[in-house]
Amino acid sequence: MFIASLEQLSQIIDHIIIQLDTDYRIQTLNHKAQQVFGVESSAVRGKPYWELWKGCYQPCPFSKNLISIFDNGVVRNIKASLTTSNHEEKNYNWSAAKIYNKAGEIEGFWIVGEDNPQYCEALKREANLQQNIQDIFRHIPGYLYWKDVNSVYLGCNENFAKAAGLKKPEDIIGKTDFDLAWGKTEAELFRAGDRAVLRGEYKLDFEEPQLMADGRRRTVLASKVPLKDASGQTVGILGIYQDITARKKAEHQLQEARDQAEVASRAKTEFLANMTHDLKTPLHSVLGMTEILKHRDHSEEQEEYLNAILQSGKSILHLVNRILNYSKLESGGLQFKQEPLDLKLLIQDIVRGIQSQLRSSVTMNFDFPAKIPHIVRSDPQAIRRIISNLLGNAVKFTEKGEITLSVVKKKQSKDKVWFHFTVKDTGIGISSKNINQIFDRFYRVDPAYHGKYLGSGLGLTIAKQLVEGLGGSIAVESRLKKGSTFICELPLLLADAVELNRQIKESKIITKAKEFVGLTVLLVEDNLYSTRVTRIMLENYGCIVEMAVTGAEALQRIREKPYSLIFMDVGLPDCSGIEVTQKIRSDANPNQKTYICALTAHAREEDRQCCLKAGMNNFLSIPAGSNDFKKILKQARKIHKIT
Ligand code: ADP
């Protein structure tokens, strides 16, 4: 009765219900089961249960074995799909239960299939997702591949397949690098990378060569990492790379262009050094001779001419020195000294020096508050050049009004003070259109050919480079016809007054020395005019001067007798002054230890170093005035105690 009513019930329930006997033979199918499987219940009665599934293209949810393992009588929620007799793919939640008779013995099984549209949707979504992921992998930009732990390819994207010479990504499966376009050498390289990754290394952003299927060589930027499963176990290698051949080529071209620019810049620096040398040699004669003539008897008219020559000569020298300074700075050849100095005295001295150039309609103010520290350690020459350039411009571009130089302490640490040097004028000013260019090399608002203001357009470039070389910065504010303000910040190390005093005392000892009557000097120099100037200056100090115009002649003379001092030109007709000096120092002769000073228009630090390395004691860059010679004579006398 119970079974009969259950059978009836199964006919009205809208689930698949199948009744089996203990041998899994079909007893009944309810109406839904008949509809889904497309069979009459009577037609399949007594047939094995799994035969029902033959036309469904899916494995049947409860195999014989599966049924036999459930002990507690019920299995629920087995998800399985099937293709219905209407060719629809449907998903069901399957459950099974044992059927007991009244005596409690197993009489058979109920198999129930509940239509599960949600599950079906979920499956579809998952299938879609998988398809999407596959599409993403396939079309991902760049090159992507993955391999197993034996470096055998399991998959790749379209780009990689193409590069490897394959028609489609699936063709990569089962291949190794040795089967692909890149050949043995690169395959071995890739294999070595794989081994490192399998040892746990993450190889990120490294460059590798690659030979492509079409024979082109390229460079790739690659990353390779271990591919891990959910338990963290390494199960393969995941690699991705980009083609950076174009970028590498551009980098290479850029490097080549940079190298060429450097060569050109070196050539230019060399040219400037040579040109300034060639200009300075005749200038030495012009200025020297004029200076000598000024000390001889002459008329007032001649005095005027001499002053004009001297002034113009000095202007040319100033220009040549600017170009030289600039080329030195540009080639990075400038070295900064670190010596104790009194900043206040230095600035006062600069102001004093520049005051003579002021127009009568302009006044100059100088403000250096008494309270701020002024004993610092820096390069006095560099500071002099910076401030002189700024003040020089203020003087040049101010017709009337005033120029103010003020120094203030902006901040101070234990060992450093940040100074602001402000040069303010009431001159012609600079328009906003031009102000950004004034620190550019050779730039002048008013071009030289207008002839109104002299200049090279290098002063501010040099000042800026010097300021930056000292770790500071420079800025400008200006209004046309109202005036300009240049503010220069310099961080300067504080120094010890004791150290400064010691240095001042030493320099005083030098300046207290007497004249040089009877000093024998050998002047090795081939330029006729330059020789005459130097000779007269030295003779004015009472020196006895002997000449040598070639290296050979110099060597002959130094073997004959000892000199108190030798001035040595570097470029001689037969050999260089460097070689002559080396010979004097190395060969036995009466001048092996004599003080030697280079006398040359070469003024670069490397020229100086080269002379000192060869064994010279000092270096004098011409044009040089009589005071410069005096300093050398004093030093030579002090060091060698010559009389
Ligand atoms: P220059 O040797 O021509 O003075 P600088 O590099 O020192 O070269 O200056 C570049 C240009 O900046 C000058 O030619 C001038 O046009 C402008 N300039 C510099 N200082 C001032 C100033 N104080 N007032 C007006 N213009 C200035």
# chains A, B, ... in the order shown; residues from 1 in each chain; ligands from 1
call {"tool": "residues_around", "arguments": {"residues": "region 7-24 of chain A", "least_positions_apart": "3", "cutoff": "7 Å", "atoms": "only C-alpha atoms", "output": "ChimeraX atom specification"}}
result
/A:3-4,27-33,48-49,107-115
call {"tool": "closest_atom_pairs", "arguments": {"of": "region 211-308 of chain A", "to": "region 138-156 of chain A", "cutoff": "10 Å", "atoms": "only C-alpha atoms", "output": "tab-separated table"}}
result
residue	atom	partner	partner_atom	distance
A:Val220	CA	A:Tyr143	CA	9.7
A:Ala222	CA	A:Tyr143	CA	9.1
A:Ser223	CA	A:Leu144	CA	9.9
A:Lys224	CA	A:Trp146	CA	9.4
A:Val225	CA	A:Trp146	CA	9.7
A:Pro226	CA	A:Val149	CA	9.2
A:Leu227	CA	A:Trp146	CA	8.1
A:Thr234	CA	A:Val149	CA	7.7
A:Val235	CA	A:Val149	CA	5.8
A:Gly236	CA	A:Asp148	CA	4.0
A:Ile237	CA	A:Lys147	CA	5.1
A:Leu238	CA	A:Trp146	CA	4.5
A:Gly239	CA	A:Tyr145	CA	5.4
A:Ile240	CA	A:Leu144	CA	4.5
A:Tyr241	CA	A:Tyr143	CA	5.2
A:Gln242	CA	A:Gly142	CA	5.1
A:Asp243	CA	A:Gly142	CA	7.4
call {"tool": "write_last_selection", "arguments": {"atoms": "N, CA and C atoms", "output": "compact mmCIF listing (two decimals), in the first residue's frame"}}
result
# COMPACT_ATOMS: atom_id res chain seq x y z
N VAL A 220 64.58 41.32 -25.83
CA VAL A 220 63.32 41.33 -25.07
C VAL A 220 63.61 41.64 -23.61
N ALA A 222 62.38 40.54 -20.21
CA ALA A 222 61.61 39.37 -19.78
C ALA A 222 61.51 39.26 -18.26
N SER A 223 60.46 38.55 -17.84
CA SER A 223 60.32 38.17 -16.43
C SER A 223 59.87 36.72 -16.41
N LYS A 224 60.42 35.95 -15.46
CA LYS A 224 60.07 34.54 -15.33
C LYS A 224 59.86 34.25 -13.87
N VAL A 225 58.76 33.61 -13.54
CA VAL A 225 58.52 33.31 -12.12
C VAL A 225 58.04 31.87 -11.98
N PRO A 226 58.19 31.29 -10.78
CA PRO A 226 57.68 29.93 -10.60
C PRO A 226 56.14 29.95 -10.61
N LEU A 227 55.57 28.92 -11.21
CA LEU A 227 54.11 28.76 -11.25
C LEU A 227 53.78 27.80 -10.11
N THR A 234 55.85 24.26 -6.48
CA THR A 234 56.16 24.74 -7.83
C THR A 234 55.75 23.68 -8.85
N VAL A 235 54.89 24.09 -9.77
CA VAL A 235 54.42 23.12 -10.76
C VAL A 235 54.84 23.51 -12.17
N GLY A 236 55.54 24.62 -12.29
CA GLY A 236 55.98 25.02 -13.63
C GLY A 236 56.58 26.41 -13.63
N ILE A 237 56.62 27.02 -14.82
CA ILE A 237 57.25 28.33 -15.00
C ILE A 237 56.28 29.21 -15.77
N LEU A 238 56.12 30.45 -15.31
CA LEU A 238 55.30 31.41 -16.04
C LEU A 238 56.22 32.52 -16.54
N GLY A 239 56.16 32.79 -17.82
CA GLY A 239 57.06 33.81 -18.37
C GLY A 239 56.30 34.84 -19.18
N ILE A 240 56.80 36.05 -19.13
CA ILE A 240 56.18 37.12 -19.92
C ILE A 240 57.29 38.04 -20.39
N TYR A 241 57.21 38.55 -21.59
CA TYR A 241 58.23 39.50 -22.03
C TYR A 241 57.68 40.48 -23.05
N GLN A 242 58.45 41.56 -23.22
CA GLN A 242 58.08 42.58 -24.22
C GLN A 242 59.23 42.74 -25.19
N ASP A 243 58.91 43.13 -26.39
CA ASP A 243 59.95 43.39 -27.40
C ASP A 243 60.47 44.81 -27.18
call {"tool": "closest_atom_pairs", "arguments": {"of": "chain A", "to": "ligand 1", "cutoff": "7 Å", "atoms": "only C-alpha atoms and all ligand atoms", "output": "Markdown table"}}
result
| residue | atom | partner | partner_atom_place_in_ligand_line | distance |
| --- | --- | --- | --- | --- |
| A:Asn389 | CA | ligand 1 | 7 (O) | 6.3 |
| A:Leu390 | CA | ligand 1 | 20 (N) | 6.7 |
| A:Asn393 | CA | ligand 1 | 20 (N) | 4.7 |
| A:Ala394 | CA | ligand 1 | 23 (N) | 4.0 |
| A:Phe397 | CA | ligand 1 | 24 (N) | 5.0 |
| A:Asp425 | CA | ligand 1 | 23 (N) | 6.5 |
| A:Gly427 | CA | ligand 1 | 24 (N) | 5.9 |
| A:Ile428 | CA | ligand 1 | 25 (C) | 5.4 |
| A:Gly429 | CA | ligand 1 | 25 (C) | 4.4 |
| A:Ile430 | CA | ligand 1 | 26 (N) | 5.3 |
| A:Ile438 | CA | ligand 1 | 12 (O) | 4.5 |
| A:Phe439 | CA | ligand 1 | 6 (O) | 6.0 |
| A:Arg441 | CA | ligand 1 | 6 (O) | 6.9 |
| A:Phe442 | CA | ligand 1 | 6 (O) | 6.8 |
| A:Tyr443 | CA | ligand 1 | 10 (C) | 5.5 |
| A:Arg444 | CA | ligand 1 | 14 (O) | 3.4 |
| A:Val445 | CA | ligand 1 | 16 (O) | 3.7 |
| A:Asp446 | CA | ligand 1 | 16 (O) | 5.4 |
| A:Leu454 | CA | ligand 1 | 3 (O) | 6.6 |
| A:Gly455 | CA | ligand 1 | 2 (O) | 3.3 |
| A:Ser456 | CA | ligand 1 | 2 (O) | 4.0 |
| A:Gly457 | CA | ligand 1 | 8 (O) | 3.2 |
| A:Leu458 | CA | ligand 1 | 6 (O) | 4.2 |
| A:Gly459 | CA | ligand 1 | 7 (O) | 3.5 |
| A:Leu460 | CA | ligand 1 | 6 (O) | 3.6 |
| A:Thr461 | CA | ligand 1 | 6 (O) | 5.5 |
| A:Gly483 | CA | ligand 1 | 24 (N) | 6.4 |
| A:Ser484 | CA | ligand 1 | 23 (N) | 5.4 |
call {"tool": "atom_distance", "arguments": {"atom1": "CA of Tyr453 (chain A)", "atom2": "CA of Lys396 (chain A)"}}
result
7.2 Å
call {"tool": "residues_around", "arguments": {"residues": "Ile350 (chain A)", "least_positions_apart": "6", "cutoff": "10 Å", "atoms": "only C-alpha atoms", "output": "PyMOL selection string"}}
result
chain A and resi 344+383-385+387-388+391
call {"tool": "atom_distance", "arguments": {"atom1": "CA of Leu405 (chain A)", "atom2": "CA of Phe421 (chain A)"}}
result
7.0 Å
call {"tool": "closest_residue", "arguments": {"among": "A:Ala261, A:Leu493, A:Ile435, A:Leu189", "to": "Pro340 (chain A)", "atoms": "only C-alpha atoms"}}
result
A:Leu493
call {"tool": "select_by_dssp", "arguments": {"residues": "region 335-517 of chain A", "states": "strand (DSSP E)", "output": "PyMOL selection string"}}
result
chain A and resi 339-342+362-367+375-378+401-412+416-425+473-479+483-494
call {"tool": "select_by_dssp", "arguments": {"residues": "region 22-61 of chain A", "states": "alpha helix (DSSP H)", "output": "short mmCIF file (atom, residue, chain, number, x, y, z; two decimals) with C-alpha atoms, in the first residue's frame"}}
result
data_model
loop_
_atom_site.label_atom_id
_atom_site.label_comp_id
_atom_site.auth_asym_id
_atom_site.auth_seq_id
_atom_site.Cartn_x
_atom_site.Cartn_y
_atom_site.Cartn_z
CA HIS A 31 6.17 10.57 -16.23
CA LYS A 32 9.01 13.09 -15.98
CA ALA A 33 11.66 10.38 -16.35
CA GLN A 34 9.84 8.99 -19.39
CA GLN A 35 9.69 12.48 -20.89
CA VAL A 36 13.38 13.29 -20.26
CA PHE A 37 14.75 9.94 -21.40
CA SER A 41 8.43 2.88 -18.47
CA SER A 42 7.20 -0.50 -19.68
CA ALA A 43 9.75 -0.55 -22.51
CA VAL A 44 12.70 -0.36 -20.14
#
call {"tool": "residues_around", "arguments": {"residues": "region 530-541 of chain A", "least_positions_apart": "4", "cutoff": "6 Å", "atoms": "only C-alpha atoms", "output": "list in words"}}
result
Ser285, Gly288, Met289, Phe516 and Ser626 of chain A
call {"tool": "residues_around", "arguments": {"residues": "Arg76 (chain A)", "least_positions_apart": "6", "cutoff": "7 Å", "atoms": "only C-alpha atoms", "output": "ChimeraX atom specification"}}
result
/A:94-96
call {"tool": "write_last_selection", "arguments": {"atoms": "N, CA, C and O atoms", "output": "PDB file, in the first residue's frame"}}
result
ATOM      1  N   TRP A  94      21.022  15.220  -8.208  1.00  0.00           N
ATOM      2  CA  TRP A  94      20.575  13.829  -8.094  1.00  0.00           C
ATOM      3  C   TRP A  94      20.669  13.364  -6.650  1.00  0.00           C
ATOM      4  O   TRP A  94      21.619  13.690  -5.938  1.00  0.00           O
ATOM      5  N   SER A  95      19.634  12.581  -6.238  1.00  0.00           N
ATOM      6  CA  SER A  95      19.659  11.941  -4.916  1.00  0.00           C
ATOM      7  C   SER A  95      19.247  10.488  -5.104  1.00  0.00           C
ATOM      8  O   SER A  95      18.583  10.142  -6.090  1.00  0.00           O
ATOM      9  N   ALA A  96      19.672   9.672  -4.158  1.00  0.00           N
ATOM     10  CA  ALA A  96      19.289   8.262  -4.246  1.00  0.00           C
ATOM     11  C   ALA A  96      18.975   7.740  -2.845  1.00  0.00           C
ATOM     12  O   ALA A  96      19.564   8.204  -1.859  1.00  0.00           O
TER      13      ALA A  96
END
call {"tool": "closest_residue", "arguments": {"among": "A:Thr581, A:Thr404, A:Thr290, A:Gln437", "to": "Val423 (chain A)", "atoms": "only C-alpha atoms"}}
result
A:Thr404
call {"tool": "closest_residue", "arguments": {"among": "A:Ala97, A:Ala497, A:Ala273, A:Ile584", "to": "Gln556 (chain A)", "atoms": "only C-alpha atoms"}}
result
A:Ile584
call {"tool": "atom_distance", "arguments": {"atom1": "CA of Ser327 (chain A)", "atom2": "CA of Asp569 (chain A)"}}
result
22.5 Å
call {"tool": "closest_residue", "arguments": {"among": "A:Thr83, A:Leu287, A:Val74, A:Thr269", "to": "Lys54 (chain A)", "atoms": "only C-alpha atoms"}}
result
A:Thr83
call {"tool": "residues_around", "arguments": {"residues": "Glu339 (chain A)", "least_positions_apart": "3", "cutoff": "7 Å", "atoms": "only C-alpha atoms", "output": "CSV table (one decimal) with C-alpha atoms, in the first residue's frame"}}
result
chain,number,residue,atom,x,y,z
A,377,ARG,CA,86.2,78.5,4.4
A,378,SER,CA,85.7,78.6,0.6
A,379,ASP,CA,87.2,79.5,-2.7
call {"tool": "residues_around", "arguments": {"residues": "region 204-213 of chain A", "least_positions_apart": "4", "cutoff": "8 Å", "atoms": "only C-alpha atoms", "output": "CSV table (one decimal) with C-alpha atoms, in the first residue's frame"}}
result
chain,number,residue,atom,x,y,z
A,162,LYS,CA,53.9,33.6,-33.9
A,163,ALA,CA,57.3,34.5,-32.6
A,164,ALA,CA,58.1,30.8,-32.1
A,165,GLY,CA,57.0,30.0,-35.7
A,181,ALA,CA,62.7,29.0,-33.8
A,182,TRP,CA,65.4,30.4,-31.6
A,183,GLY,CA,67.9,27.6,-32.0
A,186,GLU,CA,69.4,30.6,-27.1
A,217,ARG,CA,67.0,39.3,-34.0
A,218,ARG,CA,65.5,41.2,-31.2
A,219,THR,CA,66.0,42.1,-27.6
A,220,VAL,CA,63.3,41.3,-25.1
A,221,LEU,CA,62.7,42.5,-21.5
A,222,ALA,CA,61.6,39.4,-19.8
A,223,SER,CA,60.3,38.2,-16.4
A,224,LYS,CA,60.1,34.5,-15.3
A,225,VAL,CA,58.5,33.3,-12.1
